[in-house]
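Q: The structure under discussion is supplied below as C-alpha cells; questions concerning it will follow.
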Amino acid sequence: MKTDLELALECAINIYHQYAIKNPMDDYLSKTEFSELLKENAKPFLHNTLPPNTGVDDYINQLFTKADGNRDGRLKFTEFLTTLNGIVIDAHNRSHQHGHDHGHDHGHDHGHDHGHDHGHDHSHGP
C-alpha cells in the first residue's frame with residue numbers, strides 16, 4: 001500500500017502531465033497551461049499564499065517568471081517543481097502564522113539552528 005506522500009508525489013506528476021500535453025503535445029507547461037493547472041487544482045493554496053494587493057493572474061505570472069529558469073517561456077517538470085516547492089513552503093509558514101498547526105508540534109526551528117560560527121577559524125594567528 002502506498003503512503004500518502006507517495007500518492008501526493010504521483011499526483012503531482014500526473015497533474016503535470018495532464019496539463020503539459022494539452023496544447024501542443026509536448027512535455028512542457030505553457031504559461032496558459034500553468035495558469036489553468038494552478039487555478040483548477042491549487043486554488044486554496046493560491047489564495048493562502050497570494051501576496052497583499054496582488055491579483056491571482058499577476059501572482060501566477062510572477063510564479064511562472066520565477067520558475068522559468070532558462071527563460072524559454074515554458075516550464076519543464078523540474079521548473080514546475082520549484083513552483084510547487086515555493087507554494088508548499090509559503091502555505092506551511094502561513095499555517096504557523098495563523099496558529100493552524102492542526103496539533104502538529106513542529107517546533108519552529110526544525111533543527112536548523114546551527115549557529116553561525118561553525119567552520120570559521122576564530123584564532124587570528126600569532
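By convention in this document, the chains of the C-alpha cells carry letters A, B, ... by their order, each chain's residues are numbered from 1, and ligands are numbered from 1 in the order they are shown.
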Contacts of Asn41 of chain A at 9 Å or less, counting only C-alpha atoms, minus same-chain residues fewer than 4 places along, as a ChimeraX atom specification?
A: /A:15,36-37
Q: Write out as a PyMOL selection string which residues come within 12 Å of Gln18 of chain A when counting only C-alpha atoms, dropping same-chain ones fewer than 3 positions away.
A: chain A and resi 11-15+21-23+25-29+33-34+36-37+40-41
Q: Take the residues just selected and output them with N, CA and C atoms as a CSV table (one decimal), in the first residue's frame.
A:
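Done, and the output landed in out-v1.csv:
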```csv
chain,number,residue,atom,x,y,z
A,11,CYS,N,0.6,12.1,-7.7
A,11,CYS,CA,-0.4,13.0,-8.1
A,11,CYS,C,0.2,14.3,-8.8
A,12,ALA,N,1.2,14.8,-8.2
A,12,ALA,CA,1.9,16.0,-8.8
A,12,ALA,C,2.4,15.7,-10.2
A,13,ILE,N,3.0,14.5,-10.4
A,13,ILE,CA,3.5,14.1,-11.7
A,13,ILE,C,2.3,13.9,-12.7
A,14,ASN,N,1.2,13.3,-12.3
A,14,ASN,CA,0.1,13.0,-13.1
A,14,ASN,C,-0.6,14.3,-13.6
A,15,ILE,N,-0.8,15.3,-12.6
A,15,ILE,CA,-1.4,16.5,-12.9
A,15,ILE,C,-0.5,17.3,-13.9
A,21,ILE,N,0.5,18.1,-21.7
A,21,ILE,CA,0.3,17.6,-23.0
A,21,ILE,C,-0.9,18.2,-23.7
A,22,LYS,N,-1.6,19.2,-23.1
A,22,LYS,CA,-2.8,19.8,-23.7
A,22,LYS,C,-2.5,20.4,-25.1
A,23,ASN,N,-1.7,21.4,-25.1
A,23,ASN,CA,-1.5,22.1,-26.4
A,23,ASN,C,-0.2,22.9,-26.4
A,25,MET,N,1.2,19.1,-28.0
A,25,MET,CA,1.5,17.8,-27.4
A,25,MET,C,3.0,17.8,-27.1
A,26,ASP,N,3.4,18.3,-25.9
A,26,ASP,CA,4.8,18.3,-25.5
A,26,ASP,C,4.8,17.9,-24.0
A,27,ASP,N,6.0,18.0,-23.4
A,27,ASP,CA,6.1,17.7,-22.0
A,27,ASP,C,6.5,18.9,-21.3
A,28,TYR,N,6.0,20.1,-21.7
A,28,TYR,CA,6.2,21.4,-21.0
A,28,TYR,C,4.9,22.0,-20.7
A,29,LEU,N,4.9,22.9,-19.8
A,29,LEU,CA,3.8,23.7,-19.5
A,29,LEU,C,4.0,25.1,-20.1
A,33,GLU,N,-1.2,26.9,-19.7
A,33,GLU,CA,-1.4,25.5,-19.1
A,33,GLU,C,-1.0,25.6,-17.6
A,34,PHE,N,0.0,26.3,-17.3
A,34,PHE,CA,0.5,26.5,-15.9
A,34,PHE,C,-0.6,27.2,-15.1
A,36,GLU,N,-3.9,27.4,-15.8
A,36,GLU,CA,-5.1,26.5,-15.7
A,36,GLU,C,-4.8,25.5,-14.6
A,37,LEU,N,-3.6,24.9,-14.6
A,37,LEU,CA,-3.3,23.9,-13.6
A,37,LEU,C,-3.5,24.4,-12.2
A,40,GLU,N,-7.2,25.4,-11.3
A,40,GLU,CA,-8.1,24.3,-11.2
A,40,GLU,C,-7.7,23.3,-10.1
A,41,ASN,N,-6.5,23.3,-9.7
A,41,ASN,CA,-6.0,22.3,-8.7
A,41,ASN,C,-5.4,22.8,-7.5
```
Q: Looking at only C-alpha atoms, which of A:Lys31, A:His92, A:Tyr19, A:Lys76 is the one that sits closest to Gln62 of chain A?
A: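 Closest residue, counting only C-alpha atoms: A:Lys31.
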